[in-house]
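Below is input.cif, which holds mmCIF, C-alpha atoms and all ligand atoms.
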data_input
loop_
_atom_site.label_atom_id
_atom_site.label_comp_id
_atom_site.auth_asym_id
_atom_site.auth_seq_id
_atom_site.Cartn_x
_atom_site.Cartn_y
_atom_site.Cartn_z
CA MET A 1 -45.94 78.59 75.43
CA GLY A 2 -49.00 77.33 77.31
CA LYS A 3 -52.22 79.22 77.57
CA ARG A 4 -52.70 81.92 80.18
CA ILE A 5 -55.51 83.75 81.97
CA THR A 6 -55.15 87.49 82.46
CA THR A 7 -56.25 88.74 85.89
CA VAL A 8 -56.13 92.29 87.28
CA CYS A 9 -52.91 91.29 89.09
CA GLY A 10 -51.26 89.76 86.01
CA ASP A 11 -51.30 86.46 84.14
CA ILE A 12 -51.85 83.09 85.80
CA ALA A 13 -51.86 79.54 84.47
CA PRO A 14 -55.32 78.03 83.83
CA GLU A 15 -54.63 75.44 86.57
CA GLN A 16 -54.37 78.28 89.12
CA LEU A 17 -57.91 79.52 88.49
CA GLY A 18 -59.81 77.08 90.72
CA PHE A 19 -63.43 77.50 91.83
CA THR A 20 -64.79 80.34 89.69
CA SER A 21 -67.83 82.55 89.42
CA MET A 22 -68.13 83.54 85.75
CA HIS A 23 -70.29 86.62 86.21
CA ASP A 24 -70.10 88.88 89.24
CA HIS A 25 -69.11 92.50 89.45
CA THR A 26 -66.93 94.67 91.62
CA PHE A 27 -66.80 98.45 91.13
CA VAL A 28 -69.28 100.01 88.73
CA ASP A 29 -70.33 103.48 87.64
CA LEU A 30 -73.78 103.29 86.04
CA ARG A 31 -74.72 106.97 86.22
CA VAL A 32 -75.30 107.09 82.47
CA THR A 33 -77.96 104.36 82.72
CA GLY A 34 -79.51 106.26 85.61
CA LYS A 35 -79.85 109.38 83.46
CA TYR A 36 -81.67 107.46 80.73
CA MET A 37 -84.00 105.92 83.29
CA GLU A 38 -84.79 109.26 84.90
CA ALA A 39 -85.85 110.57 81.51
CA MET A 40 -87.98 107.45 80.91
CA PHE A 41 -89.77 107.53 84.27
CA PRO A 42 -90.36 111.19 85.20
CA GLN A 43 -93.08 110.15 87.67
CA VAL A 44 -90.48 108.56 89.97
CA THR A 45 -89.39 111.17 92.51
CA HIS A 46 -86.13 111.46 94.38
CA GLU A 47 -87.87 110.51 97.65
CA MET A 48 -89.12 107.25 96.09
CA VAL A 49 -85.60 106.09 95.23
CA GLU A 50 -83.74 107.31 98.29
CA PHE A 51 -81.55 104.44 99.55
CA LYS A 52 -83.28 103.42 102.76
CA PRO A 53 -84.95 100.15 103.87
CA GLU A 54 -88.46 101.59 103.41
CA ASN A 55 -87.69 101.90 99.69
CA TYR A 56 -85.84 98.59 99.14
CA SER A 57 -88.89 96.77 97.80
CA PHE A 58 -89.70 99.56 95.31
CA LEU A 59 -86.04 99.75 94.26
CA LYS A 60 -86.17 96.01 93.53
CA THR A 61 -88.81 96.55 90.84
CA GLY A 62 -85.93 97.73 88.65
CA THR A 63 -85.76 101.39 89.66
CA TYR A 64 -82.58 100.93 91.72
CA LEU A 65 -80.42 102.54 89.05
CA MET A 66 -82.36 105.76 89.57
CA CYS A 67 -80.99 105.88 93.11
CA PRO A 68 -77.76 107.95 93.16
CA GLU A 69 -76.26 105.88 96.00
CA LEU A 70 -76.73 102.70 93.95
CA GLN A 71 -75.38 103.98 90.62
CA VAL A 72 -71.80 104.09 91.79
CA VAL A 73 -70.22 101.22 93.74
CA ASP A 74 -66.83 102.30 95.11
CA ASP A 75 -66.81 100.98 98.70
CA LEU A 76 -63.64 98.85 98.93
CA GLU A 77 -64.07 97.86 102.59
CA GLY A 78 -67.66 96.75 101.98
CA MET A 79 -66.62 94.79 98.90
CA VAL A 80 -63.80 93.02 100.80
CA LYS A 81 -66.42 91.84 103.29
CA GLU A 82 -68.90 90.69 100.59
CA TYR A 83 -66.26 88.69 98.68
CA GLY A 84 -65.06 87.30 102.01
CA TYR A 85 -68.28 85.27 102.09
CA PHE A 86 -67.47 83.91 98.62
CA LYS A 87 -63.97 82.95 99.72
CA ALA A 88 -65.26 81.27 102.87
CA LEU A 89 -67.34 78.95 100.66
CA GLY A 90 -64.27 77.94 98.62
CA GLY A 91 -64.39 80.65 95.94
CA GLN A 92 -61.03 81.33 94.29
CA SER A 93 -61.70 83.39 91.16
CA VAL A 94 -64.26 85.80 89.75
CA CYS A 95 -64.79 86.95 86.18
CA ASP A 96 -66.07 90.55 86.39
CA PRO A 97 -67.22 91.14 82.81
CA VAL A 98 -67.88 94.83 83.36
CA PRO A 99 -68.07 96.83 80.14
CA SER A 100 -65.57 99.69 79.98
CA THR A 101 -68.49 102.08 79.68
CA GLY A 102 -69.82 101.13 83.15
CA ARG A 103 -66.63 100.45 85.03
CA GLY A 104 -65.70 101.98 88.36
CA ASP A 105 -62.08 102.37 89.42
CA VAL A 106 -60.21 99.31 88.14
CA ARG A 107 -57.38 99.96 90.62
CA LYS A 108 -59.86 99.17 93.38
CA THR A 109 -60.57 95.79 91.77
CA LYS A 110 -56.84 95.10 91.95
CA ALA A 111 -56.78 96.21 95.61
CA LEU A 112 -59.77 93.92 96.26
CA SER A 113 -57.84 91.02 94.75
CA GLU A 114 -54.80 91.77 96.90
CA ARG A 115 -56.90 92.08 100.05
CA THR A 116 -58.96 88.90 99.51
CA GLY A 117 -56.54 86.66 97.61
CA ILE A 118 -59.28 86.08 95.01
CA ASN A 119 -58.30 86.30 91.31
CA PHE A 120 -60.41 88.87 89.45
CA ILE A 121 -60.62 88.96 85.65
CA THR A 122 -61.91 92.20 84.15
CA ALA A 123 -63.11 93.15 80.66
CA THR A 124 -62.86 95.64 77.87
CA GLY A 125 -65.93 96.38 75.81
CA ILE A 126 -69.13 98.29 75.27
CA TYR A 127 -72.46 98.01 77.07
CA HIS A 128 -75.89 98.26 75.45
CA GLU A 129 -77.19 101.31 73.62
CA THR A 130 -79.10 102.92 76.49
CA ALA A 131 -76.28 102.48 78.98
CA ILE A 132 -73.37 104.18 77.23
CA PRO A 133 -72.27 107.80 76.90
CA GLN A 134 -73.32 109.70 73.78
CA GLU A 135 -69.84 109.60 72.23
CA PHE A 136 -69.97 105.77 72.15
CA ARG A 137 -73.33 105.59 70.37
CA GLY A 138 -73.75 105.05 66.65
CA GLN A 139 -70.10 104.32 65.89
CA ASP A 140 -68.78 101.85 63.33
CA VAL A 141 -67.04 98.52 63.97
CA LYS A 142 -63.59 100.08 63.63
CA PHE A 143 -64.27 102.61 66.41
CA TYR A 144 -65.17 99.88 68.95
CA TYR A 145 -62.38 97.64 67.68
CA ASP A 146 -59.75 100.39 68.14
CA TYR A 147 -61.11 101.32 71.56
CA CYS A 148 -60.98 97.74 72.92
CA LYS A 149 -57.68 96.96 71.24
CA GLY A 150 -56.19 100.04 72.91
CA GLN A 151 -57.13 98.68 76.35
CA ILE A 152 -55.80 95.22 75.50
CA GLU A 153 -52.45 96.64 74.38
CA ASP A 154 -51.95 99.65 76.67
CA GLY A 155 -53.92 98.74 79.80
CA ILE A 156 -57.18 100.10 81.19
CA ASP A 157 -57.60 103.79 82.05
CA GLY A 158 -53.89 104.57 82.20
CA THR A 159 -53.06 101.64 84.51
CA ASP A 160 -50.99 98.51 83.99
CA ILE A 161 -54.16 96.43 84.48
CA TYR A 162 -55.23 94.46 81.41
CA PRO A 163 -58.58 92.96 80.38
CA GLY A 164 -58.97 89.18 80.42
CA VAL A 165 -62.21 89.05 78.41
CA LEU A 166 -64.14 91.08 75.82
CA LYS A 167 -67.65 92.31 76.56
CA ALA A 168 -70.53 93.43 74.35
CA ALA A 169 -74.29 93.59 74.78
CA LEU A 170 -77.47 92.82 72.90
CA ALA A 171 -80.49 94.56 74.40
CA THR A 172 -82.48 95.27 71.24
CA GLY A 173 -79.87 94.70 68.52
CA THR A 174 -79.24 98.28 67.39
CA ASP A 175 -76.41 99.10 64.96
CA THR A 176 -74.32 100.28 67.92
CA GLU A 177 -74.76 96.95 69.69
CA ASN A 178 -74.23 94.82 66.59
CA ASN A 179 -71.07 96.76 65.67
CA ALA A 180 -69.67 96.39 69.19
CA VAL A 181 -70.35 92.63 69.10
CA GLU A 182 -68.57 92.44 65.75
CA ALA A 183 -65.55 94.36 67.10
CA CYS A 184 -65.27 91.94 70.03
CA ILE A 185 -65.56 88.83 67.88
CA ARG A 186 -62.91 90.19 65.51
CA LEU A 187 -60.65 90.72 68.54
CA THR A 188 -61.43 87.20 69.75
CA ALA A 189 -60.14 85.97 66.38
CA GLU A 190 -56.97 88.06 66.69
CA THR A 191 -56.15 87.71 70.40
CA GLY A 192 -57.86 84.51 71.53
CA LEU A 193 -59.66 86.34 74.37
CA SER A 194 -63.24 85.11 74.84
CA THR A 195 -66.21 87.37 74.04
CA HIS A 196 -68.98 87.62 76.67
CA ILE A 197 -72.30 89.01 75.54
CA HIS A 198 -74.85 90.56 77.88
CA THR A 199 -78.40 89.85 76.71
CA GLU A 200 -81.78 91.29 77.68
CA PRO A 201 -84.81 88.98 77.85
CA MET A 202 -86.75 91.04 75.28
CA MET A 203 -84.14 90.63 72.52
CA ASP A 204 -85.34 88.18 69.87
CA GLY A 205 -83.57 84.84 70.27
CA ASP A 206 -83.41 84.04 66.55
CA GLU A 207 -81.70 87.37 65.92
CA ILE A 208 -79.06 86.60 68.56
CA VAL A 209 -78.32 83.23 66.96
CA ALA A 210 -78.22 84.62 63.41
CA LEU A 211 -75.88 87.49 64.34
CA LEU A 212 -73.45 85.29 66.27
CA ASP A 213 -73.42 82.56 63.61
CA ARG A 214 -72.71 85.13 60.89
CA LEU A 215 -69.91 86.90 62.80
CA CYS A 216 -68.22 83.70 64.00
CA GLU A 217 -68.17 82.47 60.42
CA LYS A 218 -66.89 85.80 59.06
CA TYR A 219 -63.93 85.84 61.47
CA SER A 220 -63.45 82.04 61.76
CA VAL A 221 -64.14 82.06 65.49
CA ASP A 222 -65.01 78.79 67.25
CA HIS A 223 -68.42 79.07 68.98
CA ASP A 224 -66.72 77.82 72.16
CA ARG A 225 -64.93 81.21 72.45
CA ILE A 226 -68.29 82.96 72.99
CA LEU A 227 -70.23 83.10 76.29
CA ILE A 228 -73.80 84.37 76.09
CA CYS A 229 -74.78 85.79 79.47
CA HIS A 230 -78.05 85.91 81.40
CA MET A 231 -79.67 83.01 79.55
CA ASP A 232 -81.53 82.19 82.78
CA ASN A 233 -83.48 85.47 82.56
CA ARG A 234 -85.61 84.17 79.72
CA ILE A 235 -86.55 80.68 80.89
CA ALA A 236 -89.85 81.80 82.44
CA GLY A 237 -90.74 84.41 79.87
CA SER A 238 -92.78 82.55 77.26
CA VAL A 239 -96.12 82.67 79.09
CA MET A 240 -97.94 86.00 79.12
CA VAL A 241 -98.80 87.16 82.62
CA THR A 242 -102.38 87.97 81.55
CA ASP A 243 -102.91 84.49 80.03
CA TYR A 244 -101.53 82.86 83.15
CA LEU A 245 -103.89 84.81 85.37
CA GLU A 246 -107.04 84.50 83.30
CA GLU A 247 -106.79 81.02 81.80
CA PRO A 248 -106.83 78.31 84.49
CA GLU A 249 -105.29 75.74 82.14
CA THR A 250 -102.33 77.96 81.24
CA ASP A 251 -99.31 76.94 83.29
CA ARG A 252 -95.84 78.35 83.77
CA THR A 253 -93.37 76.02 82.11
CA LEU A 254 -89.70 76.50 81.38
CA ASP A 255 -88.85 77.64 77.87
CA LEU A 256 -85.36 76.37 77.02
CA ASN A 257 -85.51 76.47 73.23
CA LEU A 258 -83.00 79.28 72.71
CA GLN A 259 -80.63 77.83 75.30
CA LYS A 260 -80.73 74.41 73.62
CA THR A 261 -80.20 75.94 70.17
CA LEU A 262 -77.12 77.87 71.35
CA LEU A 263 -75.68 74.89 73.24
CA GLU A 264 -76.28 72.54 70.32
CA LYS A 265 -74.22 74.93 68.16
CA GLY A 266 -71.35 74.81 70.67
CA TYR A 267 -71.77 78.24 72.28
CA ASN A 268 -71.38 78.65 76.04
CA ILE A 269 -74.28 80.08 78.03
CA GLY A 270 -74.35 81.72 81.45
CA LEU A 271 -77.02 80.91 84.03
CA ASP A 272 -75.68 83.80 85.98
CA THR A 273 -78.31 85.88 87.74
CA TRP A 274 -78.97 83.70 90.81
CA GLY A 275 -80.78 85.59 93.54
CA MET A 276 -81.38 88.61 91.32
CA PRO A 277 -83.76 90.87 93.22
CA VAL A 278 -85.88 92.02 90.29
CA GLU A 279 -89.63 91.77 90.62
CA ASN A 280 -91.81 92.78 87.74
CA SER A 281 -95.54 92.45 87.23
CA ASN A 282 -95.41 92.71 83.42
CA PHE A 283 -93.50 89.52 82.68
CA PHE A 284 -92.23 86.50 84.58
CA MET A 285 -88.70 86.54 85.90
CA PRO A 286 -87.49 83.10 86.96
CA ASP A 287 -86.96 82.24 90.59
CA ASP A 288 -83.99 80.17 91.75
CA PHE A 289 -85.96 76.90 91.71
CA GLU A 290 -86.65 77.48 88.02
CA ARG A 291 -83.00 78.38 87.41
CA LEU A 292 -81.93 75.16 89.08
CA LYS A 293 -84.45 73.10 87.15
CA ALA A 294 -83.22 74.67 83.90
CA LEU A 295 -79.62 73.93 84.87
CA ILE A 296 -80.33 70.30 85.73
CA THR A 297 -82.44 69.81 82.59
CA LEU A 298 -79.68 71.16 80.34
CA ILE A 299 -77.00 69.09 82.12
CA ASP A 300 -79.10 65.94 81.70
CA LEU A 301 -79.42 66.72 77.98
CA GLY A 302 -75.61 66.57 77.81
CA TYR A 303 -74.77 70.28 77.76
CA GLY A 304 -72.93 70.55 81.10
CA ASP A 305 -69.62 71.31 79.33
CA HIS A 306 -70.88 74.68 78.09
CA ILE A 307 -72.69 76.23 81.05
CA THR A 308 -71.25 78.71 83.56
CA LEU A 309 -72.65 80.21 86.76
CA GLY A 310 -72.68 83.55 88.59
CA ASN A 311 -75.01 86.00 90.34
CA ASP A 312 -74.46 89.25 88.39
CA PHE A 313 -73.64 90.71 91.81
CA SER A 314 -73.53 94.48 91.41
CA SER A 315 -76.20 96.58 93.09
CA LYS A 316 -75.86 97.20 96.82
CA LEU A 317 -79.41 95.81 97.08
CA MET A 318 -77.73 92.43 96.50
CA TRP A 319 -75.15 92.94 99.24
CA ARG A 320 -75.56 90.88 102.37
CA ALA A 321 -74.91 94.08 104.26
CA TYR A 322 -78.25 95.36 102.93
CA GLY A 323 -80.30 92.18 103.25
CA GLY A 324 -79.49 90.56 99.89
CA HIS A 325 -78.08 87.15 98.98
CA GLY A 326 -74.62 88.58 98.31
CA CYS A 327 -72.28 87.10 95.72
CA THR A 328 -72.80 83.52 96.91
CA ARG A 329 -76.36 82.62 95.93
CA PHE A 330 -75.43 80.22 93.13
CA ILE A 331 -73.37 78.32 95.68
CA THR A 332 -75.63 78.43 98.73
CA PHE A 333 -78.75 77.65 96.70
CA GLY A 334 -77.76 76.10 93.36
CA LEU A 335 -74.67 74.05 94.15
CA GLN A 336 -75.76 72.98 97.61
CA MET A 337 -79.05 71.70 96.17
CA MET A 338 -77.09 69.84 93.48
CA GLU A 339 -74.98 68.21 96.18
CA MET A 340 -78.15 67.17 97.94
CA LEU A 341 -79.22 65.49 94.68
CA GLY A 342 -75.89 63.64 94.42
CA ARG A 343 -74.63 65.68 91.47
CA GLU A 344 -71.20 66.70 92.85
CA GLU A 345 -69.38 65.52 89.74
CA GLN A 346 -71.36 67.84 87.48
CA ILE A 347 -70.49 70.82 89.70
CA HIS A 348 -66.82 70.49 88.85
CA LYS A 349 -67.42 71.23 85.17
CA LEU A 350 -69.56 74.29 85.94
CA VAL A 351 -67.18 76.08 88.29
CA TYR A 352 -63.72 74.67 87.47
CA ASP A 353 -63.37 73.18 83.98
CA ASN A 354 -65.65 75.44 81.92
CA PRO A 355 -64.37 78.77 83.35
CA ALA A 356 -60.73 77.73 82.92
CA ARG A 357 -61.29 76.62 79.32
CA ILE A 358 -63.18 79.80 78.37
CA LEU A 359 -60.83 82.26 80.11
CA ALA A 360 -57.57 80.66 78.90
CA TYR A 361 -56.04 82.04 75.70
ZN ZN B 401 -73.33 91.74 84.55
#

Would you give me this structure, written as structure tokens?
Amino acid sequence: MGKRITTVCGDIAPEQLGFTSMHDHTFVDLRVTGKYMEAMFPQVTHEMVEFKPENYSFLKTGTYLMCPELQVVDDLEGMVKEYGYFKALGGQSVCDPVPSTGRGDVRKTKALSERTGINFITATGIYHETAIPQEFRGQDVKFYYDYCKGQIEDGIDGTDIYPGVLKAALATGTDTENNAVEACIRLTAETGLSTHIHTEPMMDGDEIVALLDRLCEKYSVDHDRILICHMDNRIAGSVMVTDYLEEPETDRTLDLNLQKTLLEKGYNIGLDTWGMPVENSNFFMPDDFERLKALITLIDLGYGDHITLGNDFSSKLMWRAYGGHGCTRFITFGLQMMEMLGREEQIHKLVYDNPARILAY
């Protein structure tokens, strides 16, 4: 039997996948994260995070998850319109690697697929420590393994919708996070499903590499079955903001060391937060020119076979309906600039070949 890809509407052949975003979301419920943030920032009042245009710029500093209207995304009609823009640009499939602990109604993702004709692949798995309900924290590997295996075998939330990828997260590398990563990699060994790992820019790169190397060896998993997400979030982070401002000779340069290390070892990485509306004065977040330069640099070093793209489309602040770039920024900025540079051939690997290879099992 040939390999298959599991979508929310059933299995398809890898050849049916087509032009794919590897990291964009549909329906989410991030109220748990909101609760943690409210406790962390008591000085932020309800008025400051009310969802209205006057507050958009403050919400973009990272406080958007403290806004009740932005914690839950359940608007099917709005989502049909947003993904319509993706389809109009040639988009055929979307991997929505939403952890089970932050998922909205998965039946709506299926309805979205039926309405738009786009294939959606969803996930089973656990998000990072400060974004999951209490009962998911501090558990052992077997707990997370059993939980994810249950969704793979029985469907998600009592439906006949099955996950097509495994998802874990490394924000700071707590026992919870490390155990969830181990559970996913063990399931990758047993099922063939790929494991996708959310990362936060503050997590130590050497620790990420050491953990993944150790677990892939323990369960005999090929590094090519792992996709490490959000690797574009750290390319501008090596220069301290204070040094940049106070030392005229200090420049902002791309730091691609971790990305190169992972790619050299055969892991896949996601440059998947194009157009992300996060502005922070404490550390540098990359802009899309830097993302594109990182992408081109890594392709020219010979790593184009292991890079995937996406926008991490989730918050309504990213919706076109609310003034954002929508779920098309990696196309309208990244790929169109690559075409301008005569790099059409390289695009095919990023949005056709690599997604199909990673998602097929
Ligand atoms: Zn995401």

Taking a cut-off of 9 Å and counting only C-alpha atoms and all ligand atoms, can you build a table that, for each residue of chain A near ligand ZN 401 (chain B), reports the nearest atom pair and how far apart they are in Å (one decimal), sorted by chain then residue number, as CSV?
residue,atom,partner,partner_atom,distance
A:His23,CA,B:ZN401,ZN,6.2
A:Asp24,CA,B:ZN401,ZN,6.4
A:His25,CA,B:ZN401,ZN,6.5
A:Asp96,CA,B:ZN401,ZN,7.6
A:Pro97,CA,B:ZN401,ZN,6.4
A:Val98,CA,B:ZN401,ZN,6.4
A:Pro99,CA,B:ZN401,ZN,8.5
A:His198,CA,B:ZN401,ZN,6.9
A:Cys229,CA,B:ZN401,ZN,8.0
A:His230,CA,B:ZN401,ZN,8.1
A:Asp272,CA,B:ZN401,ZN,8.4
A:Thr273,CA,B:ZN401,ZN,8.3
A:Asn311,CA,B:ZN401,ZN,8.3
A:Asp312,CA,B:ZN401,ZN,4.7
A:Phe313,CA,B:ZN401,ZN,7.3
A:Ser314,CA,B:ZN401,ZN,7.4

Please produce a file of those selected residues containing C-alpha atoms, as a JSON list (two decimals), in the frame of the given file.
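So the final result, stored in out38.json, reads:
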[["chain", "number", "residue", "atom", "x", "y", "z"],
["A", 23, "HIS", "CA", -70.29, 86.62, 86.21],
["A", 24, "ASP", "CA", -70.10, 88.88, 89.24],
["A", 25, "HIS", "CA", -69.11, 92.50, 89.45],
["A", 96, "ASP", "CA", -66.07, 90.55, 86.39],
["A", 97, "PRO", "CA", -67.22, 91.14, 82.81],
["A", 98, "VAL", "CA", -67.88, 94.83, 83.36],
["A", 99, "PRO", "CA", -68.07, 96.83, 80.14],
["A", 198, "HIS", "CA", -74.85, 90.56, 77.88],
["A", 229, "CYS", "CA", -74.78, 85.79, 79.47],
["A", 230, "HIS", "CA", -78.05, 85.91, 81.40],
["A", 272, "ASP", "CA", -75.68, 83.80, 85.98],
["A", 273, "THR", "CA", -78.31, 85.88, 87.74],
["A", 311, "ASN", "CA", -75.01, 86.00, 90.34],
["A", 312, "ASP", "CA", -74.46, 89.25, 88.39],
["A", 313, "PHE", "CA", -73.64, 90.71, 91.81],
["A", 314, "SER", "CA", -73.53, 94.48, 91.41]]

Margin query: Excluding Ala189 of chain A and its own-chain neighbours fewer than 5 positions away, which residues fall within 9 Å of it when counting all atoms listed in the file? Please give them as a PyMOL selection string.
Written below: chain A and resi 184+216+219-222

Could you please take those selected residues and save C-alpha atoms as an mmCIF file, keeping the file's coordinate frame?
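As written to disk, again.cif reads:
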data_model
loop_
_atom_site.group_PDB
_atom_site.id
_atom_site.type_symbol
_atom_site.label_atom_id
_atom_site.label_comp_id
_atom_site.auth_asym_id
_atom_site.auth_seq_id
_atom_site.Cartn_x
_atom_site.Cartn_y
_atom_site.Cartn_z
ATOM 1 C CA CYS A 184 -65.270 91.940 70.030
ATOM 2 C CA CYS A 216 -68.220 83.700 64.000
ATOM 3 C CA TYR A 219 -63.930 85.840 61.470
ATOM 4 C CA SER A 220 -63.450 82.040 61.760
ATOM 5 C CA VAL A 221 -64.140 82.060 65.490
ATOM 6 C CA ASP A 222 -65.010 78.790 67.250
#

Item checked: For Arg291 of chain A, the nearest of the candidates A:Phe330, A:Trp319, A:Tyr244, A:Tyr267, counting only C-alpha atoms -> A:Phe330

Check: Hey, which of A:Glu69, A:Asp146, A:Asp204, A:Glu47 ends up closest to Leu30 of chain A? Count all atoms listed in the file.
Finding: A:Glu69

Around segment 168-183 of chain A, with edges along x, y and z and 6 Å added on all six sides, what centre and edge lengths do you get, in Å to one decimal, as JSON?
{"center_x": -74.0, "center_y": 96.4, "center_z": 69.9, "size_x": 28.9, "size_y": 19.8, "size_z": 21.8}

Note to self: Every residue with an atom at most 10 Å from (-55.2, 87.0, 84.2) (file coordinates; all atoms listed in the file) is what I'm after, so could you write them as a ChimeraX atom specification?
What the structure shows: /A:4-14,17,95,119-122,161-165,359-361

Next item on the list: Using all atoms listed in the file, pick whichever of A:Gly304, A:Gly310, A:Leu298, A:Arg214 has the shortest atom-to-atom distance to Ile347 of chain A.
Entry: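 Among the listed residues, A:Gly304 lies closest to Ile347 of chain A.
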
Missing atoms in segment 317-324 of chain A: can you complete it with all heavy atoms, as a CSV table (one decimal), in the frame of the given file?
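Okay, out_8.csv is ready:
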chain,number,residue,atom,x,y,z
A,317,LEU,N,-78.2,96.5,96.6
A,317,LEU,CA,-79.4,95.8,97.1
A,317,LEU,C,-79.1,94.3,97.2
A,317,LEU,O,-79.8,93.6,97.9
A,317,LEU,CB,-80.6,96.0,96.1
A,317,LEU,CG,-81.3,97.4,96.2
A,317,LEU,CD1,-82.3,97.5,95.1
A,317,LEU,CD2,-82.0,97.5,97.6
A,318,MET,N,-78.1,93.8,96.5
A,318,MET,CA,-77.7,92.4,96.5
A,318,MET,C,-76.7,92.1,97.6
A,318,MET,O,-76.5,91.0,97.9
A,318,MET,CB,-77.1,92.0,95.2
A,318,MET,CG,-78.1,92.0,94.0
A,318,MET,SD,-77.3,91.6,92.4
A,318,MET,CE,-77.2,89.8,92.6
A,319,TRP,N,-76.2,93.2,98.2
A,319,TRP,CA,-75.2,92.9,99.2
A,319,TRP,C,-75.8,92.3,100.5
A,319,TRP,O,-76.9,92.6,100.8
A,319,TRP,CB,-74.5,94.3,99.7
A,319,TRP,CG,-73.6,94.9,98.7
A,319,TRP,CD1,-73.7,94.8,97.3
A,319,TRP,CD2,-72.4,95.7,98.9
A,319,TRP,NE1,-72.6,95.4,96.7
A,319,TRP,CE2,-71.9,96.0,97.7
A,319,TRP,CE3,-71.8,96.1,100.1
A,319,TRP,CZ2,-70.7,96.8,97.6
A,319,TRP,CZ3,-70.7,96.9,100.0
A,319,TRP,CH2,-70.1,97.2,98.7
A,320,ARG,N,-75.1,91.4,101.1
A,320,ARG,CA,-75.6,90.9,102.4
A,320,ARG,C,-75.7,92.0,103.4
A,320,ARG,O,-76.6,91.9,104.2
A,320,ARG,CB,-74.6,89.8,102.9
A,320,ARG,CG,-74.6,88.6,102.1
A,320,ARG,CD,-74.3,87.4,103.0
A,320,ARG,NE,-73.9,86.2,102.2
A,320,ARG,CZ,-73.4,85.1,102.7
A,320,ARG,NH1,-73.3,85.0,104.0
A,320,ARG,NH2,-73.2,84.1,101.9
A,321,ALA,N,-74.9,93.0,103.3
A,321,ALA,CA,-74.9,94.1,104.3
A,321,ALA,C,-76.2,94.8,104.2
A,321,ALA,O,-76.6,95.5,105.1
A,321,ALA,CB,-73.8,95.0,104.0
A,322,TYR,N,-77.0,94.7,103.1
A,322,TYR,CA,-78.2,95.4,102.9
A,322,TYR,C,-79.4,94.4,102.8
A,322,TYR,O,-80.4,94.7,102.1
A,322,TYR,CB,-78.2,96.4,101.8
A,322,TYR,CG,-77.1,97.4,102.0
A,322,TYR,CD1,-75.9,97.3,101.3
A,322,TYR,CD2,-77.4,98.5,102.9
A,322,TYR,CE1,-74.9,98.3,101.6
A,322,TYR,CE2,-76.4,99.4,103.1
A,322,TYR,CZ,-75.1,99.3,102.4
A,322,TYR,OH,-74.2,100.2,102.7
A,323,GLY,N,-79.2,93.2,103.3
A,323,GLY,CA,-80.3,92.2,103.2
A,323,GLY,C,-80.4,91.3,102.0
A,323,GLY,O,-81.4,90.6,101.9
A,324,GLY,N,-79.4,91.4,101.1
A,324,GLY,CA,-79.5,90.6,99.9
A,324,GLY,C,-78.8,89.2,100.1
A,324,GLY,O,-78.3,88.9,101.1
